[in-house]
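> Structure file run36.cif, mmCIF, C-alpha atoms, is pasted below:
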```cif
data_model
loop_
_atom_site.label_atom_id
_atom_site.label_comp_id
_atom_site.auth_asym_id
_atom_site.auth_seq_id
_atom_site.Cartn_x
_atom_site.Cartn_y
_atom_site.Cartn_z
CA MET A 114 -4.30 -2.91 -47.25
CA ARG A 115 -3.69 -4.36 -50.69
CA VAL A 116 -5.26 -2.60 -53.65
CA ILE A 117 -6.31 -5.09 -56.31
CA GLY A 118 -7.20 -2.72 -59.10
CA THR A 119 -6.96 1.00 -59.69
CA GLY A 120 -9.28 1.06 -62.68
CA ALA A 121 -12.85 2.24 -62.47
CA VAL A 122 -15.12 -0.14 -60.63
CA PHE A 123 -18.23 0.97 -62.49
CA THR A 124 -19.07 1.15 -66.16
CA GLU A 125 -19.14 4.48 -67.97
CA GLU A 126 -22.92 4.41 -68.14
CA VAL A 127 -23.18 4.09 -64.38
CA LEU A 128 -20.40 6.62 -63.73
CA ALA A 129 -22.22 9.18 -65.83
CA VAL A 130 -24.98 9.43 -63.24
CA LEU A 131 -22.81 9.06 -60.15
CA PRO A 132 -20.82 11.77 -58.34
CA ILE A 133 -17.29 12.23 -59.63
CA GLY A 134 -15.73 10.61 -56.56
CA TYR A 135 -16.94 7.22 -57.73
CA ARG A 136 -14.48 7.39 -60.62
CA PHE A 137 -11.61 7.10 -58.18
CA MET A 138 -12.83 4.11 -56.23
CA VAL A 139 -10.49 1.13 -56.17
CA ARG A 140 -10.87 -2.51 -55.29
CA VAL A 141 -9.22 -3.71 -52.10
CA ASP A 142 -8.46 -7.24 -51.01
CA PRO A 143 -10.93 -7.69 -48.11
CA LEU A 144 -8.58 -9.98 -46.22
CA THR A 145 -6.08 -7.14 -45.97
CA PHE A 146 -8.58 -4.52 -44.86
CA ARG A 147 -7.85 -4.45 -41.15
CA GLU A 148 -11.10 -2.71 -40.23
CA ASN A 149 -12.88 -5.90 -41.24
CA TYR A 150 -10.86 -7.72 -38.56
CA PRO A 151 -10.14 -10.67 -40.85
CA ASP A 152 -7.54 -12.22 -38.55
CA GLN A 153 -9.35 -11.44 -35.34
CA ARG A 154 -10.47 -14.25 -33.13
CA LEU A 155 -13.86 -13.67 -31.58
CA SER A 156 -15.66 -15.25 -28.68
CA GLN A 157 -18.45 -14.16 -26.35
CA SER A 158 -18.90 -12.28 -23.14
CA ILE A 159 -22.05 -12.26 -21.04
CA ARG A 160 -20.98 -9.20 -19.07
CA HIS A 161 -20.40 -7.22 -22.25
CA GLN A 162 -23.52 -8.69 -23.89
CA SER A 163 -21.44 -9.49 -26.91
CA LYS A 164 -21.19 -12.42 -29.26
CA SER A 165 -18.33 -10.76 -31.14
CA TYR A 166 -15.97 -10.28 -28.26
CA GLN A 167 -12.45 -9.75 -29.51
CA SER A 168 -9.66 -11.89 -28.20
CA VAL A 169 -6.62 -9.74 -27.46
CA GLY A 170 -3.30 -11.06 -26.27
CA PRO A 171 -1.57 -9.57 -23.23
CA GLY A 172 1.01 -6.84 -23.66
CA LYS A 173 3.32 -8.62 -21.22
CA PRO A 174 3.75 -12.29 -20.31
CA VAL A 175 1.05 -13.57 -17.97
CA SER A 176 3.49 -15.72 -16.00
CA HIS A 177 7.20 -16.51 -16.13
CA LEU A 178 6.43 -18.53 -19.28
CA VAL A 179 6.81 -16.69 -22.56
CA MET A 180 4.83 -18.59 -25.15
CA GLN A 181 6.79 -17.10 -28.03
CA ASP A 182 9.84 -19.05 -26.85
CA TYR A 183 8.18 -22.30 -27.81
CA LEU A 184 6.00 -21.38 -30.79
CA ALA A 185 6.85 -20.60 -34.38
CA PRO A 186 7.34 -16.85 -34.86
CA SER A 187 4.20 -15.16 -36.11
CA PRO A 188 4.24 -13.59 -39.58
CA ASP A 189 4.06 -10.12 -38.00
CA GLU A 190 7.28 -10.61 -36.09
CA HIS A 191 10.57 -9.63 -37.66
CA MET B 216 21.07 24.47 -37.16
CA SER B 217 17.56 25.84 -37.10
CA THR B 218 15.98 29.25 -36.88
CA LYS B 219 13.40 27.92 -34.47
CA PRO B 220 14.64 28.56 -30.94
CA TYR B 221 13.61 25.38 -29.15
CA PHE B 222 14.09 21.66 -29.55
CA CYS B 223 11.61 19.07 -28.29
CA LEU B 224 11.54 15.33 -28.22
CA TYR B 225 8.32 13.82 -29.50
CA ALA B 226 5.98 13.11 -26.60
CA HIS B 227 6.30 9.34 -27.03
CA ASN B 228 10.11 9.54 -26.69
CA LEU B 229 11.08 9.50 -23.04
CA VAL B 230 14.55 9.85 -21.62
CA VAL B 231 15.60 7.70 -18.69
CA ARG B 232 18.83 8.13 -16.80
CA GLY B 233 20.88 5.23 -15.47
CA ALA B 234 23.95 5.07 -13.31
CA THR B 235 26.41 4.71 -16.17
CA ARG B 236 24.42 5.69 -19.24
CA SER B 237 20.94 6.71 -20.34
CA ALA B 238 18.34 5.68 -22.88
CA ILE B 239 15.52 7.08 -24.95
CA TYR B 240 12.39 4.97 -24.90
CA ASP B 241 10.58 5.24 -28.22
CA LEU B 242 7.18 4.06 -27.05
CA GLN B 243 5.67 4.37 -30.51
CA ARG B 244 8.20 2.20 -32.32
CA GLN B 245 8.72 0.13 -29.18
CA THR B 246 12.49 0.43 -29.21
CA ILE B 247 15.15 1.75 -26.89
CA ILE B 248 18.03 3.92 -28.05
CA PRO B 249 21.01 4.05 -25.68
CA ILE B 250 22.54 7.47 -25.27
CA PRO B 251 25.34 8.93 -23.16
CA SER B 252 24.26 10.52 -19.93
CA ILE B 253 25.52 13.91 -21.09
CA LEU B 254 22.84 13.83 -23.80
CA HIS B 255 20.28 13.17 -21.07
CA SER B 256 21.46 16.32 -19.32
CA ILE B 257 21.29 18.25 -22.58
CA LEU B 258 17.75 17.07 -23.31
CA THR B 259 16.66 17.97 -19.79
CA HIS B 260 18.06 21.46 -20.26
CA LEU B 261 16.42 21.78 -23.67
CA LYS B 262 13.01 21.34 -22.08
CA GLN B 263 13.18 24.80 -20.62
CA TYR B 264 15.81 26.76 -22.56
CA PRO B 265 16.48 27.60 -26.21
CA TRP B 266 18.93 25.31 -27.92
CA ARG B 267 21.47 28.12 -28.34
CA GLU B 268 21.53 28.59 -24.57
CA THR B 269 21.99 24.86 -24.08
CA GLN B 270 24.79 24.83 -26.65
CA ARG B 271 26.50 27.71 -24.87
CA ILE B 272 26.38 25.91 -21.52
CA PHE B 273 27.23 22.36 -22.59
CA ALA B 274 29.37 22.83 -25.68
CA SER B 275 30.77 26.31 -25.73
CA ARG B 276 34.13 24.96 -26.94
CA ASN B 277 32.84 22.20 -29.16
CA GLU B 278 29.83 23.32 -31.12
CA ALA B 279 30.40 20.59 -33.66
CA LEU B 280 29.79 17.91 -31.03
CA PHE B 281 26.55 19.56 -29.99
CA GLY B 282 25.54 19.65 -33.63
CA GLN B 283 26.27 15.93 -33.90
CA TYR B 284 24.02 15.22 -30.95
CA MET B 285 21.22 17.22 -32.51
CA GLN B 286 21.72 15.55 -35.86
CA PHE B 287 21.67 12.16 -34.11
CA LEU B 288 18.23 12.98 -32.70
CA LEU B 289 16.93 14.34 -35.99
CA ASP B 290 18.19 11.41 -38.06
CA ARG B 291 16.32 8.99 -35.83
CA GLU B 292 13.22 11.19 -35.83
CA LEU B 293 13.29 11.50 -32.08
CA GLY B 294 12.70 15.23 -31.88
CA PHE B 295 12.12 18.44 -33.77
CA PHE B 296 12.81 22.16 -33.62
CA VAL B 297 9.87 24.26 -32.59
CA SER B 298 9.00 27.89 -31.97
CA SER B 299 6.54 27.31 -29.14
CA PRO B 300 7.22 24.21 -27.04
CA ALA B 301 4.15 24.90 -24.90
CA CYS B 302 2.05 23.74 -27.86
CA PHE B 303 3.48 20.23 -27.45
CA PRO B 304 2.65 18.98 -23.95
CA ALA B 305 4.32 15.98 -22.40
CA LEU B 306 2.77 12.54 -22.37
CA ASP B 307 0.52 11.76 -19.41
CA LEU B 308 2.36 9.04 -17.51
CA GLN B 309 -0.46 8.05 -15.24
CA TRP B 310 -1.37 4.36 -15.21
CA HIS B 311 -4.94 3.37 -14.50
CA SER B 312 -6.72 0.08 -14.79
CA PRO B 313 -10.35 -0.70 -14.03
CA HIS B 314 -9.51 -4.38 -13.63
CA HIS B 315 -9.08 -5.64 -10.09
CA ILE B 316 -7.00 -8.42 -11.56
CA GLN B 317 -5.12 -8.20 -14.84
CA ASN B 318 -3.50 -11.60 -15.05
CA ALA B 319 -4.24 -14.89 -13.36
CA VAL B 320 -2.36 -18.17 -13.37
CA VAL B 321 -4.41 -21.15 -12.29
CA SER B 322 -2.88 -24.59 -11.86
CA TYR B 323 -5.43 -27.37 -11.73
CA ALA B 324 -5.03 -31.10 -11.26
CA PHE B 325 -8.73 -32.01 -11.04
CA ARG B 326 -8.71 -32.22 -7.29
CA ASP B 327 -8.53 -30.07 -4.16
CA TYR B 328 -10.79 -27.24 -5.35
CA ASP B 329 -13.59 -26.28 -7.73
CA LEU B 330 -12.11 -24.76 -10.88
CA GLU B 331 -15.48 -23.56 -12.11
CA ASP B 332 -15.92 -21.48 -8.98
CA VAL B 333 -12.42 -20.02 -9.27
CA LEU B 334 -13.00 -19.05 -12.89
CA SER B 335 -16.26 -17.36 -11.91
CA GLN B 336 -14.49 -15.42 -9.20
CA LEU B 337 -11.78 -14.30 -11.62
CA ASP B 338 -14.41 -13.20 -14.10
CA ALA B 339 -16.14 -11.20 -11.38
CA LEU B 340 -12.81 -9.46 -10.70
CA HIS B 341 -12.62 -8.46 -14.38
CA CYS B 342 -9.52 -10.55 -14.97
CA ARG B 343 -8.21 -9.91 -18.48
CA HIS B 344 -5.75 -12.68 -19.21
CA LEU B 345 -5.69 -16.20 -17.86
CA GLU B 346 -3.05 -18.89 -17.98
CA LEU B 347 -4.54 -22.27 -17.25
CA GLN B 348 -2.06 -24.97 -16.26
CA LEU B 349 -3.72 -28.35 -16.43
CA ASN B 350 -2.57 -31.73 -15.25
CA LEU B 351 -5.04 -34.35 -16.42
CA GLY B 352 -3.70 -37.20 -14.34
CA SER B 353 -6.16 -40.04 -14.69
CA HIS B 354 -8.92 -37.81 -16.11
CA CYS B 355 -9.86 -37.81 -19.75
CA TRP B 356 -9.91 -34.86 -22.10
CA GLU B 357 -13.70 -34.75 -22.11
CA ASP B 358 -13.60 -33.74 -18.43
CA VAL B 359 -11.81 -30.55 -19.43
CA LEU B 360 -14.16 -29.36 -22.16
CA PRO B 361 -16.92 -28.04 -19.83
CA PHE B 362 -14.39 -25.55 -18.40
CA PHE B 363 -13.66 -24.18 -21.86
CA GLN B 364 -17.37 -23.87 -22.53
CA GLN B 365 -17.60 -21.80 -19.38
CA LEU B 366 -14.62 -19.70 -20.49
CA GLN B 367 -16.34 -18.92 -23.76
CA THR B 368 -18.87 -16.65 -22.04
CA THR B 369 -16.55 -14.95 -19.56
CA GLY B 370 -14.90 -11.57 -19.96
CA PHE B 371 -11.37 -12.90 -20.38
CA LEU B 372 -9.57 -11.33 -23.31
CA SER B 373 -7.23 -14.28 -23.74
CA VAL B 374 -6.49 -17.70 -22.31
CA ASN B 375 -3.22 -19.59 -22.54
CA VAL B 376 -3.36 -23.31 -21.89
CA VAL B 377 -0.33 -25.11 -20.48
CA LEU B 378 -1.03 -28.81 -20.49
CA ALA B 379 1.05 -31.59 -19.00
CA TYR B 380 1.49 -34.33 -21.56
CA SER B 381 0.02 -37.74 -20.87
CA ALA B 382 -0.44 -40.77 -23.06
CA ALA B 383 -4.19 -40.64 -22.44
CA GLY B 384 -4.31 -36.94 -23.11
CA PRO B 385 -5.70 -35.14 -26.16
CA SER B 386 -4.22 -35.64 -29.58
CA GLU B 387 -2.89 -32.78 -31.64
CA GLN B 388 -6.07 -32.84 -33.69
CA GLN B 389 -8.22 -32.52 -30.57
CA LEU B 390 -6.12 -29.58 -29.40
CA ALA B 391 -6.39 -27.95 -32.81
CA GLU B 392 -10.16 -28.36 -32.71
CA LEU B 393 -10.27 -26.83 -29.25
CA TYR B 394 -8.22 -23.87 -30.47
CA GLN B 395 -10.59 -23.32 -33.37
CA GLN B 396 -13.74 -23.64 -31.29
CA CYS B 397 -12.69 -21.54 -28.32
CA GLY B 398 -11.96 -18.04 -29.56
CA LYS B 399 -10.41 -16.92 -26.29
CA ILE B 400 -7.50 -19.37 -26.51
CA GLN B 401 -4.32 -17.65 -27.65
CA HIS B 402 -1.79 -20.42 -27.20
CA ILE B 403 -1.67 -24.06 -26.18
CA LEU B 404 1.59 -25.44 -24.85
CA VAL B 405 1.98 -29.13 -24.08
CA HIS B 406 5.01 -29.71 -21.88
CA SER B 407 6.80 -32.84 -20.68
CA ALA B 408 6.03 -34.27 -24.13
CA PRO B 409 8.17 -36.91 -25.87
CA TYR B 410 9.12 -34.46 -28.62
CA ASN B 411 9.79 -30.81 -29.42
CA ARG B 412 7.75 -29.42 -32.26
CA VAL B 413 5.06 -26.92 -33.13
CA GLY B 414 1.56 -27.85 -34.18
CA SER B 415 1.19 -28.61 -37.86
CA ALA B 416 -2.17 -26.85 -38.23
CA HIS B 417 -1.44 -23.92 -35.90
CA PRO B 418 2.35 -23.51 -35.62
CA HIS B 419 2.00 -20.04 -34.07
CA ASN B 420 -0.44 -21.15 -31.41
CA LEU B 421 0.23 -24.79 -30.53
CA ALA B 422 3.50 -26.39 -29.48
CA PHE B 423 4.89 -29.45 -27.75
CA VAL B 424 8.05 -29.30 -25.63
CA ARG B 425 10.00 -31.95 -23.76
CA THR B 426 10.85 -29.96 -20.66
CA ASP B 427 8.52 -29.26 -17.75
CA VAL B 428 8.19 -25.55 -18.38
CA ARG B 429 6.57 -24.94 -15.00
CA THR B 430 9.92 -25.38 -13.31
CA THR B 431 11.96 -23.60 -15.95
CA LYS B 432 14.02 -20.81 -14.47
CA PRO B 433 12.55 -17.57 -15.78
CA ARG B 434 14.62 -15.34 -18.04
CA ASN B 435 14.64 -11.59 -17.92
CA ARG B 436 13.09 -9.78 -20.82
CA TYR B 437 12.36 -6.29 -22.03
CA VAL B 438 8.98 -4.92 -22.98
CA VAL B 439 8.76 -1.47 -24.54
CA SER B 440 5.30 0.02 -24.71
CA SER B 441 3.50 2.99 -23.25
CA GLU B 442 1.29 0.78 -21.10
CA TYR B 443 4.25 -1.15 -19.69
CA PHE B 444 6.33 1.97 -19.16
CA THR B 445 3.67 3.82 -17.20
CA GLU B 446 2.95 0.73 -15.12
CA ALA B 447 6.64 0.15 -14.38
CA LEU B 448 7.01 3.69 -13.08
CA ARG B 449 5.01 2.85 -9.96
CA TYR B 450 4.41 -0.89 -9.90
CA ASN B 451 6.15 -4.16 -10.55
CA PRO B 452 4.68 -5.25 -13.90
CA TYR B 453 5.22 -8.94 -13.15
CA TYR B 454 3.40 -8.99 -9.81
CA ASN B 455 1.01 -6.09 -10.23
CA ARG B 456 -2.65 -7.13 -10.19
CA LYS B 457 -1.81 -10.77 -10.61
CA VAL B 458 -3.19 -13.70 -8.66
CA CYS B 459 -2.05 -17.28 -8.84
CA VAL B 460 -3.78 -20.41 -7.61
CA SER B 461 -1.68 -23.52 -7.14
CA GLU B 462 -2.76 -27.13 -7.67
CA THR B 463 -3.56 -27.42 -3.97
CA GLY B 464 -5.68 -24.27 -4.00
CA HIS B 465 -3.19 -21.93 -2.39
CA VAL B 466 -3.45 -18.31 -3.46
CA LYS B 467 -0.09 -16.71 -4.22
CA ASN B 468 1.61 -13.82 -5.91
CA CYS B 469 3.50 -16.26 -8.12
CA LEU B 470 3.44 -20.05 -8.40
CA LEU B 471 7.23 -20.11 -8.12
CA ARG B 472 7.07 -18.58 -4.64
CA PRO B 473 6.49 -20.88 -1.66
CA GLU B 474 4.53 -18.46 0.51
CA HIS B 475 0.77 -18.25 0.14
CA PHE B 476 -1.95 -16.10 1.67
CA ALA B 477 -5.08 -18.23 1.74
CA THR B 478 -6.75 -21.17 0.06
CA VAL B 479 -9.60 -20.92 -2.40
CA GLN B 480 -11.44 -23.62 -0.49
CA THR B 481 -11.97 -21.28 2.47
CA THR B 482 -11.43 -17.72 1.20
CA ARG B 483 -12.80 -15.71 -1.69
CA LEU B 484 -10.23 -14.27 -4.08
CA ALA B 485 -11.64 -10.78 -3.58
CA THR B 486 -10.87 -11.07 0.11
CA VAL B 487 -7.28 -12.08 -0.56
CA LEU B 488 -6.84 -9.18 -2.97
CA GLY B 489 -7.79 -6.77 -0.22
CA ASP B 490 -4.95 -8.00 1.98
CA PRO B 491 -2.14 -5.38 2.02
CA ALA B 492 0.38 -8.18 2.46
CA PHE B 493 -0.79 -9.71 -0.80
CA GLN B 494 -0.45 -6.39 -2.59
CA GLU B 495 3.00 -5.67 -1.22
CA LEU B 496 4.85 -7.04 -4.24
CA TRP B 497 2.57 -5.10 -6.57
CA HIS B 498 4.43 -1.98 -5.46
CA ALA B 499 7.92 -3.42 -5.87
CA ALA B 500 8.65 -0.92 -8.62
CA ALA B 501 12.00 -0.76 -10.39
CA ASP B 502 12.89 2.45 -8.58
CA HIS B 503 12.64 0.57 -5.29
CA THR B 504 14.60 -2.51 -6.34
CA VAL B 505 18.28 -2.71 -5.53
CA GLY B 506 20.38 -3.23 -8.63
CA LEU B 507 17.56 -2.43 -11.01
CA ARG B 508 16.98 1.18 -10.03
CA ASP B 509 20.38 2.14 -11.46
CA SER B 510 19.65 0.67 -14.87
CA GLU B 511 18.48 2.86 -17.71
CA LEU B 512 16.38 -0.12 -18.89
CA ARG B 513 14.47 -0.48 -15.64
CA TYR B 514 11.12 0.64 -17.09
CA ALA B 515 11.27 -2.03 -19.78
CA HIS B 516 12.66 -4.78 -17.59
CA PHE B 517 10.36 -7.79 -17.18
CA SER B 518 11.52 -10.21 -14.55
CA ALA B 519 9.95 -12.98 -12.47
CA ASP B 520 12.74 -12.70 -9.94
CA TYR B 521 12.19 -13.63 -6.36
CA LEU B 522 12.03 -10.35 -4.46
CA VAL B 523 12.41 -9.81 -0.75
CA ARG B 524 11.70 -6.52 0.97
CA ASP B 525 14.14 -5.06 3.44
CA THR B 526 11.95 -3.58 6.16
CA ALA B 527 14.66 -1.14 7.25
CA SER B 528 15.26 0.53 3.90
CA GLY B 529 11.99 -0.39 2.21
CA LEU B 530 13.89 -1.55 -0.84
CA TYR B 531 13.49 -4.87 -2.58
CA THR B 532 16.36 -7.19 -3.38
CA HIS B 533 16.75 -10.24 -5.58
CA VAL B 534 17.53 -13.56 -3.95
CA PRO B 535 18.41 -16.91 -5.62
CA TYR B 536 15.27 -18.43 -6.94
CA LEU B 537 13.55 -21.29 -5.15
CA VAL B 538 12.66 -23.53 -8.06
CA SER B 539 9.86 -25.70 -6.77
CA ALA B 540 6.64 -26.60 -8.49
CA GLN B 541 5.21 -28.15 -5.33
CA PRO B 542 6.07 -25.90 -2.41
CA VAL B 543 5.57 -26.89 1.22
CA PRO B 544 2.42 -25.27 2.65
CA GLN B 545 3.16 -22.69 5.30
CA ALA B 546 1.13 -20.96 7.95
CA VAL B 547 -1.24 -18.49 6.39
CA ALA B 548 -0.22 -14.88 6.95
CA ALA B 549 -2.47 -13.07 9.39
#
```
Output the structure of this file as structure tokens.

Amino acid sequence: MRVIGTGAVFTEEVLAVLPIGYRFMVRVDPLTFRENYPDQRLSQSIRHQSKSYQSVGPGKPVSHLVMQDYLAPSPDEH
Amino acid sequence: MSTKPYFCLYAHNLVVRGATRSAIYDLQRQTIIPIPSILHSILTHLKQYPWRETQRIFASRNEALFGQYMQFLLDRELGFFVSSPACFPALDLQWHSPHHIQNAVVSYAFRDYDLEDVLSQLDALHCRHLELQLNLGSHCWEDVLPFFQQLQTTGFLSVNVVLAYSAAGPSEQQLAELYQQCGKIQHILVHSAPYNRVGSAHPHNLAFVRTDVRTTKPRNRYVVSSEYFTEALRYNPYYNRKVCVSETGHVKNCLLRPEHFATVQTTRLATVLGDPAFQELWHAAADHTVGLRDSELRYAHFSADYLVRDTASGLYTHVPYLVSAQPVPQAVAA
């Protein structure tokens, strides 16, 4: 999660009428806020009655083929 | 060392003993730390006794060495000193899955059987991950798209597409469009292509390779995770809850194996799954495999090896692999 700015998000006039916690709010890059699932691929599932059905890769190879052998390494890999 | 009387490994750090040495599986960081077997004995003793008692038994003449072992564990954040070890219970190592089928590999050449029906059956079995091996032959790419539209509404978590290259096949742009439109697709691999390269638009998800990967001899790998570890304790992670359908419709444990159990043209997949003979390899756990059961890495070992069960001992052994993409049909097992 990347914090863009640590300064106050609101003006002093607005902060004067808001609870004190609002003075410590920061701006976050939404693309790095994982709870927004920015890099998540979504599809559908009739059984789950969902149109935002997350696509999740397997934790082990599905067959004897390991896709990572042939693809460019993902940015998360190191 | 510490005033606290006991020493515990963190619950996600599990010690496994091998024939010649041991290892600590760090399931949280997904790494394995090799250790000498004497440290395995020490850690086993530490589970029940205070560390001073363990030091007296194992290192009464060399306290410095015992201290080094403890410091080794502390430096790598594998364990901690504690006053009441009962407050830190062990990890539950049970493996459960509500999915009748976890993984499925379907090879389809646009003949011999109805792919739409097979996909529906797999969806009904709550299959999670699908690898679809397609051979277009004389068919055009537009004949394939209805299957991906069907996949879009199924319960699969991911789909890998392995496509045999053909001059009349889809272009890279068409494959990239398919990847963008179908959210379930994780990877697309085009084999037997005239070049080796990754996709320009999706280099992490699309690739072209020259070799026919279906006949590539599988390599052994290691997977370190809590889910894999608990599954490997009792099952063979490669074969467990997997079903494969060949181009001719034969239902198998693995496409690389020649034997099959039924054909999708005549038998429902759910019926085949209920066959104990089909499930036999599911239970070929590492502890029952000759050669592997002595390895400290057996619960991380991922292998597509050809296994044969010795009926006398009940153990499984590796045999030289039969590399054949088009096996000879055999009599269906009763």
> Do you know which residues the PyMOL selection byres ((chain B) within 6 of (chain A)) returns on this file, as a list of chain:residue names?
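This file, filtered by the PyMOL selection byres ((chain B) within 6 of (chain A)), leaves B:Asn318, B:Gln367, B:Thr368, B:Thr369, B:Gly370, B:Leu372, B:Ser373, B:Gly398, B:Lys399, B:Pro418, B:His419, B:Ala422, B:Pro433, B:Ala519.
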> What does the file look like for those residues with C-alpha atoms, as a compact mmCIF listing (two decimals), in the coordinates of the input?

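again_12.txt, written as the output of this step:
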```txt
# COMPACT_ATOMS: atom_id res chain seq x y z
CA ASN B 318 -3.50 -11.60 -15.05
CA GLN B 367 -16.34 -18.92 -23.76
CA THR B 368 -18.87 -16.65 -22.04
CA THR B 369 -16.55 -14.95 -19.56
CA GLY B 370 -14.90 -11.57 -19.96
CA LEU B 372 -9.57 -11.33 -23.31
CA SER B 373 -7.23 -14.28 -23.74
CA GLY B 398 -11.96 -18.04 -29.56
CA LYS B 399 -10.41 -16.92 -26.29
CA PRO B 418 2.35 -23.51 -35.62
CA HIS B 419 2.00 -20.04 -34.07
CA ALA B 422 3.50 -26.39 -29.48
CA PRO B 433 12.55 -17.57 -15.78
CA ALA B 519 9.95 -12.98 -12.47
```
> Using only C-alpha atoms, find all polymer residues with an atom at most 12 Å away from the point (-8.0, -33.4, -4.4); report them as a list in words.
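Checking each residue against the 12 Å limit leaves Tyr323, Ala324, Phe325, Arg326, Asp327, Tyr328, Asp329, Leu330, Gly352, Glu462, Thr463, Gly464 and Gln480 of chain B.
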> Please write as a tab-separated table (two decimals) with C-alpha atoms, keeping the file's coordinate frame the full residue list that the PyMOL selection byres ((chain B and resi 246) around 10) yields on this file.

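Everything below was put into selection-v1.tsv:
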```
chain	number	residue	atom	x	y	z
B	228	ASN	CA	10.11	9.54	-26.69
B	239	ILE	CA	15.52	7.08	-24.95
B	240	TYR	CA	12.39	4.97	-24.90
B	241	ASP	CA	10.58	5.24	-28.22
B	242	LEU	CA	7.18	4.06	-27.05
B	243	GLN	CA	5.67	4.37	-30.51
B	244	ARG	CA	8.20	2.20	-32.32
B	245	GLN	CA	8.72	0.13	-29.18
B	247	ILE	CA	15.15	1.75	-26.89
B	248	ILE	CA	18.03	3.92	-28.05
B	249	PRO	CA	21.01	4.05	-25.68
B	437	TYR	CA	12.36	-6.29	-22.03
B	438	VAL	CA	8.98	-4.92	-22.98
B	439	VAL	CA	8.76	-1.47	-24.54
B	440	SER	CA	5.30	0.02	-24.71
B	515	ALA	CA	11.27	-2.03	-19.78
```
> Measure the distance from atom CA of B:Gln283 to atom CA of B:Arg236 in Å and round it to one decimal.
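Computing the Euclidean distance for atom CA of B:Gln283 and atom CA of B:Arg236 yields 18.0 Å.
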> Residues at most 12 Å from B:His260, counting all atoms listed in the file, excluding those fewer than 2 positions away in the same chain, as an MDAnalysis selection string?
chainID B and resid 221:224 253:258 262:273
> Decode the PyMOL selection byres ((chain B and resi 375-389) around 6) for the given file into explicit residues and return them as JSON, numbers by chain.
{"B": [346, 347, 348, 349, 350, 356, 374, 390, 391, 392, 400, 401, 402, 403, 404, 405, 406, 407, 408]}
> Contacts of B:Gly282 at 9 Å or less, counting only C-alpha atoms, minus same-chain residues fewer than 5 places along, as a list in words?
Met216, Gln270, Asn277 and Phe287 of chain B
> Take atom CA of B:His465 and atom CA of B:Leu334 and report the distance between them in Å, one decimal.
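Atom-to-atom, atom CA of B:His465 to atom CA of B:Leu334, that is 14.7 Å.
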> At what distance in Å, to one decimal, does atom CA of B:Ile316 lie from atom CA of B:Ala477?
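Value for the atom CA of B:Ala477-atom CA of B:Ile316 distance: 16.6 Å.
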> For A:Thr145, list every protein, DNA or RNA residue within 9 Å, evaluated using all atoms listed in the file, and leave out those in the same chain fewer than 4 positions away; present the list as a list in words.
Met114, Arg115, Val116, Val141, Asn149, Tyr150 and Pro151 of chain A
> Which residue gives the smallest distance to B:Lys219 among B:Tyr284, B:Phe296, B:Trp497, B:Phe303, with all atoms listed in the file counted?
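Using all atoms listed in the file, the shortest distance to B:Lys219 belongs to B:Phe296.
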